[in-house]
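Pasting target-v2.cif here (mmCIF, C-alpha atoms):
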```cif
data_model
loop_
_atom_site.label_atom_id
_atom_site.label_comp_id
_atom_site.auth_asym_id
_atom_site.auth_seq_id
_atom_site.Cartn_x
_atom_site.Cartn_y
_atom_site.Cartn_z
CA MET A 6 -26.57 -30.89 -42.64
CA ARG A 7 -29.89 -29.73 -44.20
CA GLY A 8 -32.07 -26.80 -43.19
CA PRO A 9 -35.89 -26.92 -42.82
CA ALA A 10 -36.39 -26.27 -46.57
CA GLY A 11 -33.81 -28.75 -47.69
CA ARG A 12 -31.10 -26.10 -48.06
CA PRO A 13 -27.62 -26.84 -46.71
CA GLY A 14 -27.36 -25.78 -43.05
CA VAL A 15 -24.45 -24.21 -41.23
CA ARG A 16 -22.33 -26.60 -39.22
CA VAL A 17 -21.45 -25.30 -35.75
CA PHE A 18 -18.30 -26.70 -34.18
CA PRO A 19 -18.58 -27.94 -30.56
CA ALA A 20 -15.83 -25.54 -29.46
CA LEU A 21 -17.84 -22.60 -30.83
CA ASN A 22 -20.95 -23.82 -28.98
CA THR A 23 -18.95 -24.02 -25.75
CA ALA A 24 -17.42 -20.55 -26.29
CA ALA A 25 -20.87 -19.07 -26.97
CA ALA A 26 -22.31 -20.68 -23.84
CA TYR A 27 -19.55 -19.29 -21.64
CA SER A 28 -19.67 -15.89 -23.38
CA TRP A 29 -23.27 -15.16 -22.52
CA ARG A 30 -22.65 -16.31 -18.95
CA LEU A 31 -19.68 -13.92 -18.71
CA LEU A 32 -21.84 -11.13 -20.10
CA VAL A 33 -24.48 -11.78 -17.45
CA VAL A 34 -21.86 -11.87 -14.68
CA GLY A 35 -20.31 -8.66 -16.01
CA ALA A 36 -23.71 -6.96 -16.06
CA VAL A 37 -24.40 -8.06 -12.47
CA VAL A 38 -20.99 -6.83 -11.27
CA TYR A 39 -21.51 -3.51 -13.04
CA ALA A 40 -24.95 -3.15 -11.48
CA VAL A 41 -23.53 -3.91 -8.01
CA PHE A 42 -20.76 -1.34 -8.36
CA ALA A 43 -23.18 1.22 -9.80
CA THR A 44 -25.52 0.70 -6.84
CA LEU A 45 -22.67 0.88 -4.34
CA GLY A 46 -21.40 4.02 -6.04
CA ARG A 47 -24.83 5.58 -5.70
CA PHE A 48 -24.94 4.83 -1.98
CA HIS A 49 -21.21 4.60 -1.34
CA GLU A 50 -21.38 6.14 2.14
CA ILE A 51 -23.78 3.41 3.31
CA ALA A 52 -21.76 0.70 1.55
CA VAL A 53 -18.51 1.89 3.17
CA ALA A 54 -20.17 2.09 6.59
CA VAL A 55 -21.49 -1.47 6.31
CA PHE A 56 -18.10 -2.68 5.10
CA LEU A 57 -16.32 -1.01 8.03
CA GLY A 58 -18.95 -2.43 10.36
CA LEU A 59 -18.21 -5.91 9.05
CA VAL A 60 -14.47 -5.32 9.45
CA GLY A 61 -14.97 -4.22 13.05
CA THR A 62 -17.18 -7.24 13.68
CA ALA A 63 -14.61 -9.62 12.21
CA MET A 64 -11.87 -8.12 14.39
CA LEU A 65 -13.81 -7.89 17.66
CA ARG A 66 -15.98 -10.99 17.42
CA PRO A 67 -13.42 -13.34 19.09
CA LEU A 68 -12.89 -10.91 21.98
CA THR A 69 -16.64 -10.36 22.37
CA ASP A 70 -17.34 -14.10 22.43
CA LEU A 71 -14.61 -14.57 25.04
CA LEU A 72 -15.98 -11.82 27.28
CA ALA A 73 -19.55 -13.08 26.81
CA ARG A 74 -18.62 -16.27 28.67
CA ALA A 75 -18.20 -14.27 31.89
CA ILE A 76 -20.50 -11.25 31.45
CA PRO A 77 -23.75 -10.54 29.57
CA ARG A 78 -23.27 -10.22 25.83
CA SER A 79 -24.50 -6.61 25.71
CA LEU A 80 -21.84 -5.63 28.23
CA ALA A 81 -19.23 -7.67 26.34
CA VAL A 82 -20.03 -5.77 23.13
CA ALA A 83 -19.75 -2.44 24.93
CA VAL A 84 -16.43 -3.34 26.57
CA SER A 85 -14.85 -4.57 23.32
CA LEU A 86 -16.00 -1.56 21.28
CA ILE A 87 -15.14 1.09 23.85
CA GLY A 88 -11.79 -0.56 24.55
CA SER A 89 -10.89 -0.65 20.87
CA ILE A 90 -11.90 3.00 20.44
CA PHE A 91 -9.65 4.01 23.34
CA VAL A 92 -6.76 2.05 21.81
CA VAL A 93 -7.19 3.75 18.42
CA PHE A 94 -7.44 7.24 19.90
CA GLY A 95 -4.47 6.49 22.14
CA ILE A 96 -2.31 5.58 19.13
CA LEU A 97 -3.44 8.69 17.24
CA ALA A 98 -2.71 10.87 20.27
CA LEU A 99 0.77 9.34 20.57
CA VAL A 100 1.46 10.04 16.90
CA GLY A 101 0.23 13.63 17.28
CA GLU A 102 2.45 14.14 20.32
CA VAL A 103 5.48 12.80 18.44
CA VAL A 104 4.83 15.11 15.49
CA ALA A 105 4.33 18.12 17.77
CA GLY A 106 7.48 17.32 19.72
CA GLU A 107 9.59 17.04 16.56
CA ALA A 108 8.09 20.07 14.80
CA GLY A 109 10.94 22.49 15.61
CA GLY A 110 13.71 20.05 14.80
CA LEU A 111 11.92 18.91 11.63
CA GLN A 112 11.79 22.44 10.28
CA ARG A 113 15.54 22.87 10.75
CA GLU A 114 16.35 19.42 9.35
CA PHE A 115 14.12 19.90 6.32
CA GLY A 116 15.63 23.34 5.63
CA ALA A 117 19.17 21.95 5.84
CA GLY A 118 18.13 18.91 3.83
CA LEU A 119 16.71 20.99 0.99
CA THR A 120 19.97 22.96 0.91
CA ARG A 121 21.95 19.71 0.69
CA ILE A 122 19.70 18.46 -2.11
CA GLU A 123 20.22 21.68 -4.07
CA ARG A 124 24.00 21.40 -3.73
CA TRP A 125 23.82 17.71 -4.70
CA LEU A 126 21.86 18.54 -7.85
CA GLU A 127 24.43 21.17 -8.78
CA THR A 128 27.25 18.58 -8.78
CA PRO A 129 27.93 15.85 -11.37
CA PRO A 130 26.20 14.03 -12.92
CA PHE A 131 23.21 16.41 -12.75
CA ARG A 132 24.99 19.82 -13.02
CA LEU A 133 21.78 21.80 -12.67
CA ASP A 134 22.03 25.57 -12.89
CA PRO A 135 21.58 27.15 -9.41
CA ALA A 136 19.55 29.92 -11.04
CA ALA A 137 17.07 27.30 -12.29
CA LEU A 138 16.52 25.99 -8.76
CA THR A 139 16.04 29.50 -7.42
CA ASP A 140 13.62 30.25 -10.26
CA LEU A 141 11.72 27.05 -9.46
CA GLN A 142 11.29 28.10 -5.81
CA SER A 143 10.02 31.53 -6.86
CA LYS A 144 7.57 29.96 -9.31
CA VAL A 145 6.24 27.63 -6.62
CA GLY A 146 5.77 30.56 -4.25
CA GLN A 147 4.08 32.61 -6.99
CA TRP A 148 1.76 29.71 -7.84
CA LEU A 149 0.74 29.33 -4.20
CA SER A 150 0.07 33.07 -3.99
CA ASN A 151 -2.01 33.10 -7.18
CA HIS A 152 -4.06 30.05 -6.20
CA ARG A 153 -4.61 30.97 -2.57
CA ALA A 154 -8.37 31.26 -3.00
CA ALA A 155 -8.60 27.84 -4.66
CA LEU A 156 -6.49 26.29 -1.91
CA ILE A 157 -8.71 27.83 0.79
CA SER A 158 -11.81 26.54 -1.03
CA THR A 159 -10.25 23.07 -1.22
CA ALA A 160 -9.51 23.18 2.50
CA LEU A 161 -13.11 24.16 3.27
CA SER A 162 -14.44 21.36 1.08
CA GLY A 163 -12.07 19.06 2.96
CA ALA A 164 -13.77 20.12 6.16
CA GLY A 165 -17.09 19.09 4.62
CA ARG A 166 -15.58 15.74 3.69
CA LEU A 167 -14.47 15.37 7.30
CA VAL A 168 -18.09 15.61 8.39
CA GLU A 169 -19.00 12.87 5.90
CA VAL A 170 -16.17 10.68 7.20
CA LEU A 171 -17.32 11.12 10.79
CA THR A 172 -20.89 10.27 9.75
CA VAL A 173 -19.72 7.09 8.00
CA LEU A 174 -17.66 6.10 11.06
CA ALA A 175 -20.63 6.67 13.36
CA LEU A 176 -22.87 4.53 11.12
CA ALA A 177 -20.16 1.83 10.98
CA LEU A 178 -19.97 1.80 14.78
CA PHE A 179 -23.76 1.53 14.96
CA CYS A 180 -23.71 -1.44 12.56
CA SER A 181 -20.90 -3.13 14.50
CA VAL A 182 -22.91 -2.97 17.73
CA PHE A 183 -25.78 -4.97 16.25
CA PHE A 184 -23.56 -7.29 14.20
CA LEU A 185 -21.60 -8.22 17.32
CA HIS A 186 -24.65 -8.53 19.53
CA SER A 187 -27.03 -10.48 17.31
CA GLY A 188 -25.47 -10.99 13.88
CA ASP A 189 -26.21 -14.72 13.89
CA ARG A 190 -29.89 -14.15 14.65
CA GLN A 191 -30.12 -11.50 11.93
CA TRP A 192 -28.68 -13.89 9.34
CA SER A 193 -30.99 -16.70 10.47
CA TRP A 194 -33.97 -14.37 10.15
CA PHE A 195 -32.88 -13.37 6.64
CA CYS A 196 -32.50 -17.00 5.56
CA GLY A 197 -35.91 -17.77 7.06
CA GLN A 198 -37.57 -15.29 4.69
CA LEU A 199 -36.31 -17.16 1.63
CA PRO A 200 -38.06 -20.11 -0.08
CA ARG A 201 -37.26 -23.47 1.50
CA SER A 202 -35.65 -24.70 -1.71
CA VAL A 203 -32.82 -22.15 -1.51
CA ARG A 204 -32.38 -21.68 2.26
CA GLY A 205 -29.72 -24.36 2.57
CA ARG A 206 -27.62 -23.03 -0.31
CA VAL A 207 -27.89 -19.42 0.85
CA SER A 208 -26.93 -20.41 4.39
CA LEU A 209 -23.95 -22.37 3.07
CA ALA A 210 -22.87 -19.45 0.89
CA GLY A 211 -23.17 -17.05 3.83
CA ARG A 212 -21.00 -19.23 6.08
CA ALA A 213 -18.34 -19.55 3.37
CA ALA A 214 -18.41 -15.81 2.71
CA TRP A 215 -18.06 -14.90 6.38
CA ARG A 216 -15.28 -17.43 6.90
CA THR A 217 -13.31 -15.98 3.98
CA PHE A 218 -13.99 -12.37 4.97
CA THR A 219 -12.94 -12.99 8.57
CA GLY A 220 -9.79 -14.80 7.47
CA TYR A 221 -8.91 -12.01 5.05
CA THR A 222 -9.50 -9.30 7.68
CA HIS A 223 -7.39 -11.02 10.33
CA GLY A 224 -4.68 -11.78 7.78
CA ILE A 225 -4.42 -8.29 6.29
CA VAL A 226 -4.31 -6.69 9.74
CA LEU A 227 -1.50 -9.03 10.76
CA VAL A 228 0.40 -8.33 7.53
CA ALA A 229 -0.10 -4.58 7.93
CA ALA A 230 1.05 -4.65 11.56
CA THR A 231 4.16 -6.67 10.64
CA ASN A 232 5.02 -4.27 7.82
CA ALA A 233 4.51 -1.27 10.09
CA ILE A 234 6.78 -2.71 12.79
CA LEU A 235 9.52 -3.52 10.28
CA VAL A 236 9.30 -0.07 8.69
CA GLY A 237 9.17 1.76 12.03
CA VAL A 238 12.21 -0.06 13.41
CA ALA A 239 14.20 0.43 10.20
CA LEU A 240 13.41 4.16 9.98
CA TYR A 241 14.21 4.63 13.67
CA LEU A 242 17.60 2.92 13.27
CA LEU A 243 18.33 5.07 10.20
CA GLY A 244 17.48 8.21 12.17
CA VAL A 245 14.70 9.26 9.81
CA PRO A 246 12.32 11.73 11.51
CA LEU A 247 8.63 10.93 11.86
CA ALA A 248 9.39 7.21 12.10
CA LEU A 249 6.21 6.49 14.09
CA PRO A 250 3.81 8.44 11.81
CA LEU A 251 5.42 6.87 8.74
CA ALA A 252 5.01 3.42 10.29
CA LEU A 253 1.33 4.20 10.90
CA LEU A 254 1.03 5.31 7.26
CA GLU A 255 2.57 1.98 6.23
CA PHE A 256 0.00 0.15 8.36
CA PHE A 257 -2.96 1.75 6.61
CA ALA A 258 -1.35 1.57 3.16
CA ALA A 259 -0.85 -2.19 3.51
CA PHE A 260 -4.65 -2.61 3.27
CA VAL A 261 -4.22 -1.99 -0.48
CA PRO A 262 -2.39 -5.15 -1.61
CA LEU A 263 0.71 -4.94 -3.81
CA ILE A 264 0.74 -1.15 -4.30
CA GLY A 265 -0.03 0.31 -0.87
CA SER A 266 3.26 -0.47 0.85
CA PRO A 267 5.51 0.83 -1.97
CA ILE A 268 3.60 4.13 -2.02
CA ALA A 269 3.92 4.57 1.76
CA LEU A 270 7.63 3.73 1.64
CA ALA A 271 8.10 6.17 -1.25
CA VAL A 272 6.79 8.90 1.07
CA ALA A 273 9.29 7.72 3.69
CA ALA A 274 12.05 7.90 1.07
CA VAL A 275 11.15 11.52 0.29
CA VAL A 276 11.26 12.40 4.00
CA ALA A 277 14.61 10.61 4.35
CA LEU A 278 15.95 12.49 1.31
CA ALA A 279 14.94 15.87 2.71
CA ALA A 280 16.11 15.16 6.26
CA LYS A 281 19.13 12.84 5.92
CA GLY A 282 20.30 13.03 2.32
CA PRO A 283 20.44 10.73 -0.71
CA ILE A 284 22.33 7.86 0.93
CA THR A 285 19.67 7.32 3.62
CA ALA A 286 16.97 7.74 0.96
CA ALA A 287 18.64 5.05 -1.13
CA VAL A 288 18.62 2.71 1.87
CA VAL A 289 14.89 3.37 2.29
CA VAL A 290 14.36 2.58 -1.40
CA CYS A 291 16.16 -0.74 -0.83
CA LEU A 292 13.81 -1.22 2.11
CA ILE A 293 10.88 -0.97 -0.31
CA VAL A 294 12.24 -3.98 -2.21
CA VAL A 295 12.93 -5.98 0.97
CA ILE A 296 9.50 -5.30 2.49
CA GLY A 297 7.85 -6.16 -0.82
CA GLN A 298 9.66 -9.49 -0.99
CA ILE A 299 8.80 -10.35 2.61
CA GLU A 300 5.16 -9.41 2.11
CA GLY A 301 4.75 -11.18 -1.21
CA HIS A 302 6.74 -14.37 -0.55
CA VAL A 303 6.42 -14.89 3.21
CA LEU A 304 3.55 -13.03 4.87
CA HIS A 305 0.80 -13.39 2.28
CA PRO A 306 1.38 -17.12 1.57
CA LEU A 307 1.67 -18.02 5.27
CA VAL A 308 -0.90 -15.70 6.82
CA MET A 309 -3.54 -15.34 4.11
CA GLY A 310 -3.03 -18.35 1.84
CA TRP A 311 -5.72 -20.41 3.59
CA ALA A 312 -8.31 -17.63 3.47
CA VAL A 313 -7.70 -15.97 0.09
CA ARG A 314 -6.84 -18.37 -2.73
CA LEU A 315 -6.36 -15.86 -5.53
CA HIS A 316 -3.50 -15.73 -8.02
CA PRO A 317 -1.28 -12.62 -7.69
CA VAL A 318 -2.28 -11.57 -11.22
CA VAL A 319 -5.95 -11.71 -10.19
CA VAL A 320 -5.15 -9.66 -7.07
CA ALA A 321 -3.31 -7.02 -9.13
CA LEU A 322 -6.10 -6.74 -11.71
CA THR A 323 -8.70 -6.62 -8.93
CA VAL A 324 -6.90 -3.81 -7.08
CA ILE A 325 -6.47 -1.76 -10.25
CA GLY A 326 -10.06 -2.35 -11.32
CA GLY A 327 -11.36 -1.38 -7.89
CA ALA A 328 -9.24 1.77 -7.90
CA ILE A 329 -10.57 2.76 -11.33
CA ALA A 330 -14.17 2.09 -10.27
CA ALA A 331 -14.15 3.72 -6.82
CA GLY A 332 -10.75 5.21 -6.06
CA VAL A 333 -8.95 4.30 -2.85
CA ILE A 334 -12.08 2.77 -1.33
CA GLY A 335 -12.49 0.52 -4.34
CA ALA A 336 -8.85 -0.60 -4.12
CA VAL A 337 -9.35 -1.56 -0.46
CA VAL A 338 -12.70 -3.33 -0.95
CA ALA A 339 -12.02 -5.06 -4.27
CA VAL A 340 -9.82 -7.95 -3.09
CA PRO A 341 -12.03 -9.07 -0.15
CA LEU A 342 -15.12 -8.74 -2.38
CA VAL A 343 -13.66 -10.94 -5.11
CA SER A 344 -12.34 -13.38 -2.50
CA VAL A 345 -15.79 -13.70 -0.94
CA LEU A 346 -17.45 -14.23 -4.32
CA TRP A 347 -14.89 -16.89 -5.22
CA SER A 348 -15.40 -18.72 -1.92
CA ILE A 349 -19.18 -18.66 -2.45
CA TYR A 350 -18.74 -20.13 -5.92
CA GLN A 351 -16.48 -22.88 -4.61
CA ALA A 352 -18.83 -23.71 -1.73
CA LEU A 353 -21.87 -23.94 -4.00
CA ARG A 354 -19.99 -25.91 -6.63
CA ALA A 355 -18.92 -28.49 -4.05
CA THR A 356 -22.58 -29.25 -3.30
CA GLU A 357 -23.46 -30.06 -6.92
#
```
structure tokens encoding of this file:
Amino acid sequence: MRGPAGRPGVRVFPALNTAAAYSWRLLVVGAVVYAVFATLGRFHEIAVAVFLGLVGTAMLRPLTDLLARAIPRSLAVAVSLIGSIFVVFGILALVGEVVAGEAGGLQREFGAGLTRIERWLETPPFRLDPAALTDLQSKVGQWLSNHRAALISTALSGAGRLVEVLTVLALALFCSVFFLHSGDRQWSWFCGQLPRSVRGRVSLAGRAAWRTFTGYTHGIVLVAATNAILVGVALYLLGVPLALPLALLEFFAAFVPLIGSPIALAVAAVVALAAKGPITAAVVVCLIVVIGQIEGHVLHPLVMGWAVRLHPVVVALTVIGGAIAAGVIGAVVAVPLVSVLWSIYQALRATE
């Protein structure tokens, strides 16, 4: 191969050409993803509110459509939203009543449980010095006393965060009202503002994205509810206190795939250790393995396989990446976001 001046040119292998072509595309995609996350991080309250509004729409849309056959759609939206709010507050009130009713017994059980744990640690194979445990308790009490001001400041900042959470929830409810009432018309209006050459592809991508997002939302709620029921029944049969609140914790933790359920069950194991001893805690640890196997090999393939076609490795990397980028919110949002992007890519590729 000769250059323009007759000098020998550099031969480029086809594989290197292909690698270079895909590399710059990956760089562009990476830059776009970074820009999206940077923008969402800048306005994360609005992004979370819209996401929660879409989740509420995906959950309540079938009920709203069913009610709209008999009553005006505006009234159907109001009935579905108000009814769901009453259900949520009813469950929270029930959990609060259970915790309040068990408060006295929990204090006694936890006190006796801590004593049993101390005696257990003093026996073989641990053989811890009782003086070390007593010294540890005094150090914890001294640390709490020395950092009282910081703890109070943290509590006050938590109250400020509560205001932000309530604001986000109110905005999410506001978005859900309009998404449920006229979401189709809003999307049609948006597509109508685009050039005619891209309207069809954007409309197709939007339908694929909504279908995947709705399937994921319904699937993850069903998986979370199944996990919560299994955990609640198992903890109740084992006599572990706070079975209902721990089951509710399992429900919300299941929205973080792969790692949410084990963390929630680890909390249940700590409660079982303090209240019932190491044997019951060991049973709860075995429950972590059983629930993980049921979720990974039965529930996810059956319930969510048709909506989310992502390899478990991709799901794990997505959850970890989302958690690094935006904490717990990123871990929750990452999998549905990647699933929606993948479904859009597949839908557009099928039209080529």
Next item on the list: Would you list the residues near (-29.8, -14.8, 6.1) (no more than 10 Å away, in the coordinates of the file, using all atoms listed in the file) as a VMD selection string?
Entry: chain A and resid 188 to 199 204 207 to 208 210 to 212
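Selection by the PyMOL selection byres ((chain A and resi 176-179) around 7) on the present file picks out Ala54, Val55, Leu57, Gly58, Thr172, Val173, Leu174, Ala175, Cys180, Ser181, Val182 and Phe183 of chain A.
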Residues within 6 Å of (-14.4, -9.6, 3.9), file coords, only C-alpha atoms, listed as a PDB file with C-alpha atoms, in the frame of the given file:
```pdb
ATOM      1  CA  PHE A 218     -13.990 -12.370   4.970  1.00  0.00           C
ATOM      2  CA  THR A 219     -12.940 -12.990   8.570  1.00  0.00           C
ATOM      3  CA  PRO A 341     -12.030  -9.070  -0.150  1.00  0.00           C
TER       4      PRO A 341
END
```
If I wrap all listed atoms of region 178-190 of chain A in a box with edges along x, y and z and add 8 Å on each side, what are its centre and edge lengths in Å to one decimal, as JSON?
```
{"center_x": -24.9, "center_y": -6.5, "center_z": 16.0, "size_x": 25.9, "size_y": 32.5, "size_z": 23.0}
```
Item checked: Shell of 7 Å around Val245 (chain A), only C-alpha atoms, local chain residues under 3 positions omitted, as a PyMOL selection string -> chain A and resi 240-241+248+277+281
Check: How far is it from CA of Leu251 (chain A) to CA of Leu227 (chain A), in Å with one decimal?
Finding: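 About the pair CA of Leu251 (chain A) and CA of Leu227 (chain A): they are 17.5 Å apart.
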